[in-house]
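Okay, structure first, notes after.
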Amino acid sequence: MSIKNFHRIFVSVVLLTALSLAALAQQPGSSTPSINRLQQIIAYLASDALEGRRTGTPGANDAAHYIAGEFSLLGLRPGMQMAGPARTRGEIRARYLQPFPYVASVELGKNNLITFDPERGPEDLTGFTVGKDWVPFGFSSNGGAQGAATVFAGYGISSAELKYDDYAVSNVKDRVAIVFEGTPDGDNPHGQFAQAGQIRFKAAAARAAGARALLIIASEDKLSDDRLSRLAYDNAGEAGIPIALISRQMASHVLGDLAGLEKIANGRASSHGLRTGRNLSVIVNVIRRESPSFNVVGILPGSDPKLRNETIVIGAHYDHLGMGGEGSGSLSARPGIHHGADDNASGVAGLLELARMLTLQNPKPRRTIVFIAFSGEEEGLIGSNYYVNHPIVPLANTVAMINMDMIGRMRKVELKADNVVAMQSALIIGGVGTAQEWKAIIDRNNSLTNGDPVYREFSGHAIPGSDKRFALTLNEDGYGPSDHSSFYARQVPVLFFWTGNHDDYHKPSDTADKINYEGEARVVSFAARIVSDIDRSDKRPTYTVAKSDSQGGRSMGFRVYLGTIPNYADSNDGLKLDGVRDDSPAAKAGLKAGDKIVKMAGREVKNVYDYTYALGEMKAGQEYEVEVMRGSERLTLKITPAVRK
Ligand SMILES: [Zn+2]
């Protein structure tokens, strides 16, 4: 599950009320998930050997080859077409791998340079050393400014909502802006500046103010002690201007008395006036290296001559957080291997078991089943976004997408009636509003009959709900913090299985020994029933627009609502939209999935941070212009934000 999309996580949940539908004939019990297999698969994927499976690392690629090997053993058809016969085992496995572009590392180029203007700088000091006195940010644009004036601009925060603008008093247009790290609130993560004070937002604010480059003064005395000194890239697009962290010593050479400036910055922004420093030449040169990254795709061809053109995608992401860093919930500086047993070795084990079960099923599924282990999920659904842009079976023929993310921590809940208590397994299902048929399908497969082994646990109790397989929590929305979002954005009905959050989420302690294997087997067997039920009908599920989680984005502190579904992965020259919610301001403005927002409310938009920044400046009920690229066409539309409820 991706933390980047976590703000969209279920807020409103709806408990399934029993629909009084007659339980249809059960699928003949052809095969059941093997707890042994689930244990083996999770033990391997969550082992130290794979070092947390961070996208683009050898550990993730070992996982991909392992999954490809399993697909091959099951006799699934490889997803990729290649010229010539495969001869070696490696060549056979490679045919299951769908590569996608991904920057896994950043390094310094040869041409980094910050110097005083040679004519005007002090004679004893003309240049600063990259790596010691300063270091570029991984998302910095390459390029620079020659002999540019420097201007101190407080904390470099600009927020209409907070009525706070460091750039209102410090004119940085065509100059190099120099600002302090952090906020006037210190590092308070719940303070009013928590969002506006983030580096990405400072970058957007400096660019919007017309700065040629942004230098951020480290908060630690020693540059290498500063948490921002680590060169890293979040695959969320370039800043648009050169950006670097500079040491406090370097800053005082350029600006003079830092302690005095800090005092000024900690007062209200409007009081600090214009402070200029010595002229600088700045050149930033970072190299962002792409690493091979793959989705793993295996196909079980359908048995029905007509329906085999339709496909059901079953997915689970196999990547995780590696050794920590971006996205980690660990507070430790060196947290170690993030094992990701629940997130999401559990889903991959479910995927492989479903592949085995559906391959053995007799009669065979009528529709083609496409099994996909995604990568890049934790970095913002990169792999699944790539897949929907480069589908192996056309999306128009993709009748449903079933996603499993974190299905290994099933809990039990109490069912009570009078003096009787029964414990029942709890399961969360997302996307139930994305097809007309979903609730009925879920309900009839959740009903227990006398023959079910689970039924015996509850037999004799007249407790409401005890004739159900699970205590279900249903969420209507097709968007959520995992790969099904990418499919729903393309109008594919989705279902998302999840056993819920826990204290080990995104920490090294998400280990294989904490998995509830018996509970996971129940989820997998339920998913198999649902897939078979979908496949039994001649009619494909009817796509419907789901009620949205109206609070999505509230955690970001926005006051306004547009109803856009930003693509978090692909943005350097605009913000691409995965979709637009029905009847939203965005829909009324005429925005569409695939549009790239390049300007909004007078702000240039190059990436999701610029977009968020512009959004923070907008007021409900006021009309703004939004410029989008649709194909090669540039359109100007009018959008009126609504009040966020
Ligand atoms: Zn996750």
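Residue names in the structure tokens use chain letters A, B, ... in the order shown, residue numbers from 1 in each chain, and ligand numbers from 1 in the order shown.
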
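Using only C-alpha atoms, the contacts of Gly237 in chain A at a cut-off of 12 Å, with sequence neighbours closer than 4 positions omitted, comprise A:Tyr102, A:Val103, A:Gly138, A:Phe139, A:Ser140, A:Ser141, A:Arg200, A:Ala203, A:Ala204, A:Tyr233, A:Ile241, A:Arg288, A:Asn567, A:Tyr568, A:Ala569, A:Asp570, A:Ser571, A:Asn572, A:Asp573, A:Gly574, A:Leu575, A:Lys576, A:Val605, A:Lys606, A:Asn607, A:Val608, A:Tyr609, A:Asp610, A:Tyr611.
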
For the selection just defined, write its residues with N, CA and C atoms to a file, as a PDB file, in the first residue's frame.
ATOM      1  N   TYR A 102      12.004   3.990 -14.573  1.00  0.00           N
ATOM      2  CA  TYR A 102      12.004   4.315 -13.145  1.00  0.00           C
ATOM      3  C   TYR A 102      13.391   4.810 -12.742  1.00  0.00           C
ATOM      4  N   VAL A 103      13.450   5.974 -12.103  1.00  0.00           N
ATOM      5  CA  VAL A 103      14.733   6.494 -11.614  1.00  0.00           C
ATOM      6  C   VAL A 103      14.972   5.928 -10.218  1.00  0.00           C
ATOM      7  N   GLY A 138      17.973  16.039  -5.161  1.00  0.00           N
ATOM      8  CA  GLY A 138      17.798  15.048  -6.228  1.00  0.00           C
ATOM      9  C   GLY A 138      16.764  15.452  -7.254  1.00  0.00           C
ATOM     10  N   PHE A 139      15.818  16.293  -6.862  1.00  0.00           N
ATOM     11  CA  PHE A 139      14.780  16.699  -7.809  1.00  0.00           C
ATOM     12  C   PHE A 139      15.079  18.059  -8.433  1.00  0.00           C
ATOM     13  N   SER A 140      16.306  18.581  -8.155  1.00  0.00           N
ATOM     14  CA  SER A 140      16.712  19.861  -8.737  1.00  0.00           C
ATOM     15  C   SER A 140      16.750  19.756 -10.252  1.00  0.00           C
ATOM     16  N   SER A 141      16.378  20.816 -10.926  1.00  0.00           N
ATOM     17  CA  SER A 141      16.616  20.854 -12.358  1.00  0.00           C
ATOM     18  C   SER A 141      18.086  21.137 -12.580  1.00  0.00           C
ATOM     19  N   ARG A 200       9.429  20.512  -1.269  1.00  0.00           N
ATOM     20  CA  ARG A 200       8.777  20.545  -2.574  1.00  0.00           C
ATOM     21  C   ARG A 200       7.908  21.799  -2.738  1.00  0.00           C
ATOM     22  N   ALA A 203      10.127  24.815  -3.159  1.00  0.00           N
ATOM     23  CA  ALA A 203      10.622  24.866  -4.540  1.00  0.00           C
ATOM     24  C   ALA A 203       9.571  25.493  -5.448  1.00  0.00           C
ATOM     25  N   ALA A 204       8.320  25.046  -5.280  1.00  0.00           N
ATOM     26  CA  ALA A 204       7.239  25.568  -6.118  1.00  0.00           C
ATOM     27  C   ALA A 204       7.041  27.057  -5.863  1.00  0.00           C
ATOM     28  N   TYR A 233      15.817  10.893  -4.907  1.00  0.00           N
ATOM     29  CA  TYR A 233      14.804  11.349  -5.860  1.00  0.00           C
ATOM     30  C   TYR A 233      13.527  10.551  -5.667  1.00  0.00           C
ATOM     31  N   ILE A 241      13.587  24.570 -11.370  1.00  0.00           N
ATOM     32  CA  ILE A 241      14.744  25.461 -11.189  1.00  0.00           C
ATOM     33  C   ILE A 241      15.816  24.694 -10.406  1.00  0.00           C
ATOM     34  N   ARG A 288      20.187  11.570 -12.899  1.00  0.00           N
ATOM     35  CA  ARG A 288      19.162  10.639 -12.401  1.00  0.00           C
ATOM     36  C   ARG A 288      19.237   9.369 -13.240  1.00  0.00           C
ATOM     37  N   ASN A 567      -2.248  11.961 -11.385  1.00  0.00           N
ATOM     38  CA  ASN A 567      -1.338  10.835 -11.531  1.00  0.00           C
ATOM     39  C   ASN A 567      -0.075  11.202 -10.767  1.00  0.00           C
ATOM     40  N   TYR A 568       0.245  10.418  -9.751  1.00  0.00           N
ATOM     41  CA  TYR A 568       1.353  10.779  -8.872  1.00  0.00           C
ATOM     42  C   TYR A 568       2.720  10.418  -9.443  1.00  0.00           C
ATOM     43  N   ALA A 569       2.705   9.675 -10.553  1.00  0.00           N
ATOM     44  CA  ALA A 569       3.987   9.162 -11.021  1.00  0.00           C
ATOM     45  C   ALA A 569       4.628  10.050 -12.064  1.00  0.00           C
ATOM     46  N   ASP A 570       3.878  10.390 -13.073  1.00  0.00           N
ATOM     47  CA  ASP A 570       4.462  10.842 -14.306  1.00  0.00           C
ATOM     48  C   ASP A 570       4.286  12.355 -14.423  1.00  0.00           C
ATOM     49  N   SER A 571       5.252  13.130 -13.945  1.00  0.00           N
ATOM     50  CA  SER A 571       5.057  14.560 -14.086  1.00  0.00           C
ATOM     51  C   SER A 571       6.366  15.319 -14.076  1.00  0.00           C
ATOM     52  N   ASN A 572       6.655  15.967 -15.177  1.00  0.00           N
ATOM     53  CA  ASN A 572       7.833  16.818 -15.312  1.00  0.00           C
ATOM     54  C   ASN A 572       7.467  18.091 -16.033  1.00  0.00           C
ATOM     55  N   ASP A 573       6.443  17.987 -16.865  1.00  0.00           N
ATOM     56  CA  ASP A 573       6.067  19.117 -17.703  1.00  0.00           C
ATOM     57  C   ASP A 573       4.576  19.367 -17.577  1.00  0.00           C
ATOM     58  N   GLY A 574       4.039  19.077 -16.395  1.00  0.00           N
ATOM     59  CA  GLY A 574       2.612  19.273 -16.179  1.00  0.00           C
ATOM     60  C   GLY A 574       2.102  18.171 -15.275  1.00  0.00           C
ATOM     61  N   LEU A 575       0.874  18.327 -14.818  1.00  0.00           N
ATOM     62  CA  LEU A 575       0.286  17.312 -13.947  1.00  0.00           C
ATOM     63  C   LEU A 575      -0.758  16.540 -14.730  1.00  0.00           C
ATOM     64  N   LYS A 576      -0.448  15.263 -14.965  1.00  0.00           N
ATOM     65  CA  LYS A 576      -1.364  14.444 -15.731  1.00  0.00           C
ATOM     66  C   LYS A 576      -2.520  13.989 -14.829  1.00  0.00           C
ATOM     67  N   VAL A 605       2.351  24.899 -13.664  1.00  0.00           N
ATOM     68  CA  VAL A 605       2.307  23.595 -13.003  1.00  0.00           C
ATOM     69  C   VAL A 605       3.195  22.617 -13.763  1.00  0.00           C
ATOM     70  N   LYS A 606       4.252  22.180 -13.092  1.00  0.00           N
ATOM     71  CA  LYS A 606       5.128  21.185 -13.716  1.00  0.00           C
ATOM     72  C   LYS A 606       4.976  19.811 -13.076  1.00  0.00           C
ATOM     73  N   ASN A 607       4.516  19.766 -11.851  1.00  0.00           N
ATOM     74  CA  ASN A 607       4.396  18.484 -11.158  1.00  0.00           C
ATOM     75  C   ASN A 607       3.308  18.590 -10.091  1.00  0.00           C
ATOM     76  N   VAL A 608       3.129  17.507  -9.354  1.00  0.00           N
ATOM     77  CA  VAL A 608       2.021  17.439  -8.401  1.00  0.00           C
ATOM     78  C   VAL A 608       2.180  18.469  -7.271  1.00  0.00           C
ATOM     79  N   TYR A 609       3.425  18.841  -6.999  1.00  0.00           N
ATOM     80  CA  TYR A 609       3.644  19.804  -5.920  1.00  0.00           C
ATOM     81  C   TYR A 609       3.238  21.216  -6.343  1.00  0.00           C
ATOM     82  N   ASP A 610       3.567  21.548  -7.588  1.00  0.00           N
ATOM     83  CA  ASP A 610       3.131  22.849  -8.105  1.00  0.00           C
ATOM     84  C   ASP A 610       1.608  22.923  -8.088  1.00  0.00           C
ATOM     85  N   TYR A 611       1.011  21.793  -8.462  1.00  0.00           N
ATOM     86  CA  TYR A 611      -0.447  21.716  -8.516  1.00  0.00           C
ATOM     87  C   TYR A 611      -1.038  21.946  -7.123  1.00  0.00           C
TER      88      TYR A 611
END

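Proximity to range 65-71 of chain A at 9 Å, evaluated using only C-alpha atoms and with sequence-adjacent residues fewer than 6 positions away removed, yields Leu45, Arg77, Pro78, Arg89, Gly90, Ile92, Arg93, Ala94, Arg95, Tyr96, Leu97, Val296, Val297, Gly298, Ile299, Val348, Leu352, Ala355, Arg356, Phe371 and Ala373 of chain A.
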
Throw together the list of residues within 8 Å of ligand 1, counting only C-alpha atoms and all ligand atoms, and drop it here as a PDB file with all heavy atoms, in the first residue's frame.
ATOM      1  N   MET A   1       0.845  -1.183   0.000  1.00  0.00           N
ATOM      2  CA  MET A   1       0.000   0.000   0.000  1.00  0.00           C
ATOM      3  C   MET A   1       0.880   1.232   0.000  1.00  0.00           C
ATOM      4  O   MET A   1       1.887   1.266   0.669  1.00  0.00           O
ATOM      5  CB  MET A   1      -0.893  -0.028   1.227  1.00  0.00           C
ATOM      6  CG  MET A   1      -1.932   1.033   1.173  1.00  0.00           C
ATOM      7  SD  MET A   1      -3.262   0.742   2.312  1.00  0.00           S
ATOM      8  CE  MET A   1      -3.829  -0.867   1.855  1.00  0.00           C
ATOM      9  N   SER A   2       0.488   2.208  -0.764  1.00  0.00           N
ATOM     10  CA  SER A   2       1.357   3.360  -0.950  1.00  0.00           C
ATOM     11  C   SER A   2       0.974   4.499  -0.023  1.00  0.00           C
ATOM     12  O   SER A   2      -0.170   4.900   0.046  1.00  0.00           O
ATOM     13  CB  SER A   2       1.247   3.837  -2.395  1.00  0.00           C
ATOM     14  OG  SER A   2       1.747   5.141  -2.506  1.00  0.00           O
ATOM     15  N   ILE A   3       1.968   5.018   0.693  1.00  0.00           N
ATOM     16  CA  ILE A   3       1.690   6.108   1.621  1.00  0.00           C
ATOM     17  C   ILE A   3       1.377   7.389   0.869  1.00  0.00           C
ATOM     18  O   ILE A   3       0.677   8.262   1.349  1.00  0.00           O
ATOM     19  CB  ILE A   3       2.863   6.304   2.590  1.00  0.00           C
ATOM     20  CG1 ILE A   3       2.382   7.058   3.831  1.00  0.00           C
ATOM     21  CG2 ILE A   3       4.020   7.043   1.940  1.00  0.00           C
ATOM     22  CD1 ILE A   3       3.214   6.799   5.038  1.00  0.00           C
ATOM     23  N   HIS A 320       8.409  -3.119  -2.232  1.00  0.00           N
ATOM     24  CA  HIS A 320       8.203  -2.537  -0.907  1.00  0.00           C
ATOM     25  C   HIS A 320       9.227  -1.421  -0.690  1.00  0.00           C
ATOM     26  O   HIS A 320       9.653  -0.804  -1.659  1.00  0.00           O
ATOM     27  CB  HIS A 320       8.238  -3.636   0.165  1.00  0.00           C
ATOM     28  CG  HIS A 320       7.731  -3.163   1.499  1.00  0.00           C
ATOM     29  ND1 HIS A 320       6.513  -2.538   1.648  1.00  0.00           N
ATOM     30  CD2 HIS A 320       8.287  -3.205   2.743  1.00  0.00           C
ATOM     31  CE1 HIS A 320       6.346  -2.205   2.923  1.00  0.00           C
ATOM     32  NE2 HIS A 320       7.408  -2.592   3.607  1.00  0.00           N
ATOM     33  N   LEU A 321       9.613  -1.156   0.530  1.00  0.00           N
ATOM     34  CA  LEU A 321      10.370   0.066   0.835  1.00  0.00           C
ATOM     35  C   LEU A 321      11.869  -0.149   1.006  1.00  0.00           C
ATOM     36  O   LEU A 321      12.576   0.767   1.452  1.00  0.00           O
ATOM     37  CB  LEU A 321       9.804   0.724   2.092  1.00  0.00           C
ATOM     38  CG  LEU A 321       8.348   1.187   1.951  1.00  0.00           C
ATOM     39  CD1 LEU A 321       7.791   1.614   3.295  1.00  0.00           C
ATOM     40  CD2 LEU A 321       8.242   2.339   0.953  1.00  0.00           C
ATOM     41  N   GLY A 340       8.177  -6.084   4.589  1.00  0.00           N
ATOM     42  CA  GLY A 340       6.963  -6.034   3.764  1.00  0.00           C
ATOM     43  C   GLY A 340       6.281  -7.384   3.611  1.00  0.00           C
ATOM     44  O   GLY A 340       5.884  -7.762   2.510  1.00  0.00           O
ATOM     45  N   ASP A 343       2.716  -6.177   3.525  1.00  0.00           N
ATOM     46  CA  ASP A 343       2.696  -5.155   2.454  1.00  0.00           C
ATOM     47  C   ASP A 343       3.878  -5.387   1.515  1.00  0.00           C
ATOM     48  O   ASP A 343       4.936  -4.859   1.748  1.00  0.00           O
ATOM     49  CB  ASP A 343       2.767  -3.764   3.097  1.00  0.00           C
ATOM     50  CG  ASP A 343       2.635  -2.639   2.087  1.00  0.00           C
ATOM     51  OD1 ASP A 343       2.363  -2.917   0.914  1.00  0.00           O
ATOM     52  OD2 ASP A 343       2.815  -1.474   2.484  1.00  0.00           O
ATOM     53  N   ASN A 344       3.822  -6.166   0.446  1.00  0.00           N
ATOM     54  CA  ASN A 344       2.638  -6.879   0.091  1.00  0.00           C
ATOM     55  C   ASN A 344       3.007  -8.273  -0.406  1.00  0.00           C
ATOM     56  O   ASN A 344       2.524  -8.736  -1.433  1.00  0.00           O
ATOM     57  CB  ASN A 344       1.869  -6.079  -0.980  1.00  0.00           C
ATOM     58  CG  ASN A 344       0.568  -6.722  -1.338  1.00  0.00           C
ATOM     59  OD1 ASN A 344      -0.071  -7.350  -0.528  1.00  0.00           O
ATOM     60  ND2 ASN A 344       0.203  -6.636  -2.610  1.00  0.00           N
ATOM     61  N   GLU A 377       4.714   0.443  -6.788  1.00  0.00           N
ATOM     62  CA  GLU A 377       3.472   0.835  -6.120  1.00  0.00           C
ATOM     63  C   GLU A 377       3.739   1.810  -4.995  1.00  0.00           C
ATOM     64  O   GLU A 377       3.091   2.853  -4.868  1.00  0.00           O
ATOM     65  CB  GLU A 377       2.746  -0.412  -5.584  1.00  0.00           C
ATOM     66  CG  GLU A 377       1.317  -0.170  -5.132  1.00  0.00           C
ATOM     67  CD  GLU A 377       1.179   0.295  -3.688  1.00  0.00           C
ATOM     68  OE1 GLU A 377       2.174   0.214  -2.931  1.00  0.00           O
ATOM     69  OE2 GLU A 377       0.101   0.762  -3.299  1.00  0.00           O
ATOM     70  N   GLU A 378       4.740   1.481  -4.179  1.00  0.00           N
ATOM     71  CA  GLU A 378       5.033   2.317  -3.011  1.00  0.00           C
ATOM     72  C   GLU A 378       5.497   3.717  -3.424  1.00  0.00           C
ATOM     73  O   GLU A 378       5.385   4.665  -2.664  1.00  0.00           O
ATOM     74  CB  GLU A 378       6.097   1.660  -2.127  1.00  0.00           C
ATOM     75  CG  GLU A 378       5.731   0.266  -1.609  1.00  0.00           C
ATOM     76  CD  GLU A 378       4.685   0.275  -0.502  1.00  0.00           C
ATOM     77  OE1 GLU A 378       4.098   1.345  -0.224  1.00  0.00           O
ATOM     78  OE2 GLU A 378       4.442  -0.802   0.079  1.00  0.00           O
ATOM     79  N   TYR A 505       2.913  -1.309   9.889  1.00  0.00           N
ATOM     80  CA  TYR A 505       2.785  -0.758   8.535  1.00  0.00           C
ATOM     81  C   TYR A 505       4.005   0.101   8.176  1.00  0.00           C
ATOM     82  O   TYR A 505       4.362   1.012   8.921  1.00  0.00           O
ATOM     83  CB  TYR A 505       1.500   0.085   8.450  1.00  0.00           C
ATOM     84  CG  TYR A 505       1.347   0.853   7.154  1.00  0.00           C
ATOM     85  CD1 TYR A 505       1.037   0.201   5.966  1.00  0.00           C
ATOM     86  CD2 TYR A 505       1.540   2.229   7.119  1.00  0.00           C
ATOM     87  CE1 TYR A 505       0.909   0.905   4.780  1.00  0.00           C
ATOM     88  CE2 TYR A 505       1.403   2.943   5.931  1.00  0.00           C
ATOM     89  CZ  TYR A 505       1.090   2.269   4.765  1.00  0.00           C
ATOM     90  OH  TYR A 505       0.972   2.965   3.591  1.00  0.00           O
ATOM     91  N   HIS A 506       4.657  -0.257   7.069  1.00  0.00           N
ATOM     92  CA  HIS A 506       5.816   0.476   6.552  1.00  0.00           C
ATOM     93  C   HIS A 506       6.971   0.560   7.552  1.00  0.00           C
ATOM     94  O   HIS A 506       7.679   1.564   7.599  1.00  0.00           O
ATOM     95  CB  HIS A 506       5.403   1.871   6.061  1.00  0.00           C
ATOM     96  CG  HIS A 506       4.760   1.837   4.707  1.00  0.00           C
ATOM     97  ND1 HIS A 506       4.581   2.934   3.915  1.00  0.00           N
ATOM     98  CD2 HIS A 506       4.260   0.793   3.998  1.00  0.00           C
ATOM     99  CE1 HIS A 506       3.985   2.577   2.785  1.00  0.00           C
ATOM    100  NE2 HIS A 506       3.774   1.292   2.819  1.00  0.00           N
TER     101      HIS A 506
END

* Please run DSSP on the backbone and report, as number ranges by chain, all residues within range 235-272 of chain A that come out as strand (DSSP E). => A: 243-246

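For range 528-543 of chain A, the list of residues within 6 Å, based on only C-alpha atoms and with local chain neighbours fewer than 4 positions off taken out, reads Val399, Thr434, Ala435, Gln436 and Pro493 of chain A.
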
Write a file of the just-selected residues containing C-alpha atoms, as a compact mmCIF listing (two decimals), in the first residue's frame.
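Produced file out.txt, reproduced below:
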# COMPACT_ATOMS: atom_id res chain seq x y z
CA VAL A 399 -14.11 -6.41 -17.41
CA THR A 434 -17.67 0.54 -9.17
CA ALA A 435 -20.00 -2.08 -10.69
CA GLN A 436 -23.73 -2.51 -10.36
CA PRO A 493 -14.76 -1.95 -12.26

* Asked: Between A:Ser105, A:Asn403, A:Ser247, A:Thr55, which one has atoms that come closest to Leu354 in chain A, using only C-alpha atoms?
  -> A:Asn403

* For Lys599 in chain A, list every protein, DNA or RNA residue within 6 Å, evaluated using only C-alpha atoms, and leave out those in the same chain fewer than 2 positions away; present the list as a PyMOL selection string. => chain A and resi 597+603-605+626-627

* Nearby residues (only C-alpha atoms) at most 8 Å from range 304-319 of chain A, same-chain spacing under 6 positions excluded, as number ranges by chain -> A: 52-55, 60, 63-64, 344-345, 347-348, 351, 365-378, 393, 397-405, 483, 531, 538

* Asked: Which is closest to Arg212 in chain A among A:Asp583, A:Asp234, A:Asp174, A:Glu518, if we use only C-alpha atoms?
  -> A:Asp174

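The shell of residues at most 10 Å from Asp226 in chain A, with only C-alpha atoms counted and near chain neighbours (fewer than 4 positions) removed, consists of Glu181, Ala218, Ser219, Glu220, Asp221, Lys222, Arg230, Leu245 and Ser247 of chain A.
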
So that I have them on file, write out the residues from the current selection with all heavy atoms, as an mmCIF file, in the first residue's frame.
data_model
loop_
_atom_site.group_PDB
_atom_site.id
_atom_site.type_symbol
_atom_site.label_atom_id
_atom_site.label_comp_id
_atom_site.auth_asym_id
_atom_site.auth_seq_id
_atom_site.Cartn_x
_atom_site.Cartn_y
_atom_site.Cartn_z
ATOM 1 N N GLU A 181 15.992 26.414 6.034
ATOM 2 C CA GLU A 181 15.269 25.151 6.127
ATOM 3 C C GLU A 181 14.246 25.265 7.258
ATOM 4 O O GLU A 181 14.454 26.026 8.207
ATOM 5 C CB GLU A 181 16.284 24.037 6.445
ATOM 6 C CG GLU A 181 15.695 22.655 6.522
ATOM 7 C CD GLU A 181 16.744 21.602 6.932
ATOM 8 O OE1 GLU A 181 17.953 21.833 6.704
ATOM 9 O OE2 GLU A 181 16.336 20.577 7.492
ATOM 10 N N ALA A 218 21.034 24.965 5.564
ATOM 11 C CA ALA A 218 20.887 23.781 6.417
ATOM 12 C C ALA A 218 20.563 24.192 7.846
ATOM 13 O O ALA A 218 20.955 25.262 8.312
ATOM 14 C CB ALA A 218 22.176 22.957 6.389
ATOM 15 N N SER A 219 19.847 23.317 8.556
ATOM 16 C CA SER A 219 19.562 23.640 9.953
ATOM 17 C C SER A 219 20.629 23.066 10.880
ATOM 18 O O SER A 219 20.796 23.531 11.999
ATOM 19 C CB SER A 219 18.169 23.161 10.354
ATOM 20 O OG SER A 219 18.011 21.808 10.037
ATOM 21 N N GLU A 220 21.369 22.048 10.419
ATOM 22 C CA GLU A 220 22.458 21.480 11.228
ATOM 23 C C GLU A 220 23.749 22.248 10.956
ATOM 24 O O GLU A 220 23.955 22.763 9.866
ATOM 25 C CB GLU A 220 22.675 20.006 10.860
ATOM 26 C CG GLU A 220 21.464 19.121 11.047
ATOM 27 C CD GLU A 220 21.133 18.881 12.520
ATOM 28 O OE1 GLU A 220 22.038 19.065 13.376
ATOM 29 O OE2 GLU A 220 19.973 18.536 12.806
ATOM 30 N N ASP A 221 24.619 22.290 11.965
ATOM 31 C CA ASP A 221 25.891 22.987 11.785
ATOM 32 C C ASP A 221 26.772 22.306 10.743
ATOM 33 O O ASP A 221 27.475 22.961 9.992
ATOM 34 C CB ASP A 221 26.642 23.072 13.121
ATOM 35 C CG ASP A 221 26.141 24.258 13.939
ATOM 36 O OD1 ASP A 221 25.638 25.221 13.306
ATOM 37 O OD2 ASP A 221 26.212 24.209 15.176
ATOM 38 N N LYS A 222 26.722 20.979 10.765
ATOM 39 C CA LYS A 222 27.518 20.248 9.784
ATOM 40 C C LYS A 222 26.573 19.796 8.674
ATOM 41 O O LYS A 222 25.563 19.141 8.944
ATOM 42 C CB LYS A 222 28.169 19.041 10.471
ATOM 43 C CG LYS A 222 29.350 18.491 9.733
ATOM 44 C CD LYS A 222 30.079 17.434 10.547
ATOM 45 C CE LYS A 222 30.838 16.524 9.609
ATOM 46 N NZ LYS A 222 30.858 15.148 10.074
ATOM 47 N N ARG A 230 21.076 14.209 1.981
ATOM 48 C CA ARG A 230 21.161 12.945 1.246
ATOM 49 C C ARG A 230 20.553 13.139 -0.152
ATOM 50 O O ARG A 230 19.413 13.574 -0.281
ATOM 51 C CB ARG A 230 20.388 11.855 1.992
ATOM 52 C CG ARG A 230 20.739 10.448 1.579
ATOM 53 C CD ARG A 230 19.996 9.458 2.459
ATOM 54 N NE ARG A 230 18.557 9.532 2.241
ATOM 55 C CZ ARG A 230 17.895 8.734 1.404
ATOM 56 N NH1 ARG A 230 18.538 7.813 0.726
ATOM 57 N NH2 ARG A 230 16.588 8.851 1.254
ATOM 58 N N LEU A 245 20.992 22.553 -1.112
ATOM 59 C CA LEU A 245 21.127 22.795 0.323
ATOM 60 C C LEU A 245 22.526 23.364 0.540
ATOM 61 O O LEU A 245 23.499 22.827 0.000
ATOM 62 C CB LEU A 245 20.983 21.474 1.077
ATOM 63 C CG LEU A 245 21.036 21.541 2.596
ATOM 64 C CD1 LEU A 245 19.725 22.109 3.146
ATOM 65 C CD2 LEU A 245 21.272 20.142 3.194
ATOM 66 N N SER A 247 25.545 24.978 3.370
ATOM 67 C CA SER A 247 25.925 24.947 4.787
ATOM 68 C C SER A 247 25.698 26.321 5.413
ATOM 69 O O SER A 247 25.623 27.340 4.724
ATOM 70 C CB SER A 247 27.396 24.547 4.932
ATOM 71 O OG SER A 247 28.220 25.628 4.510
#

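Among the candidate residues A:Thr88, A:Asn112, A:Gln249, A:Gln491, the one lying nearest to Val286 in chain A is A:Asn112, with distances computed using only C-alpha atoms.
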
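Nearest residue to Leu38 in chain A, choosing from A:Ile429, A:Ala341, A:Ala489, A:Leu258 and counting only C-alpha atoms: A:Ala341.
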
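Here the DSSP assignment of alpha helix (DSSP H), based on backbone atoms, applies within range 568-624 of chain A to Pro585, Ala586, Ala587, Lys588, Ala589, Val608, Tyr609, Asp610, Tyr611, Thr612, Tyr613, Ala614, Leu615, Gly616 and Glu617 of chain A.
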
* Counting only C-alpha atoms, what is within 9 Å of Asn279 in chain A, bar same-chain residues fewer than 6 positions away, as number ranges by chain? -> A: 115-117, 120-121, 146-150, 176, 254

File of the preceding selection, C-alpha atoms, as a JSON list (two decimals), in the first residue's frame:
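Dumped to out.json:
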[["chain", "number", "residue", "atom", "x", "y", "z"],
["A", 115, "THR", "CA", 31.23, 30.63, -6.94],
["A", 116, "PHE", "CA", 31.23, 34.28, -6.09],
["A", 117, "ASP", "CA", 31.19, 36.62, -9.00],
["A", 120, "ARG", "CA", 33.31, 41.18, -6.82],
["A", 121, "GLY", "CA", 33.94, 38.25, -4.49],
["A", 146, "GLN", "CA", 25.51, 33.32, -13.84],
["A", 147, "GLY", "CA", 26.52, 36.28, -11.72],
["A", 148, "ALA", "CA", 23.06, 36.49, -10.22],
["A", 149, "ALA", "CA", 22.03, 38.70, -7.33],
["A", 150, "THR", "CA", 21.06, 36.83, -4.16],
["A", 176, "VAL", "CA", 18.82, 33.50, -6.49],
["A", 254, "VAL", "CA", 27.03, 35.09, 1.17]]
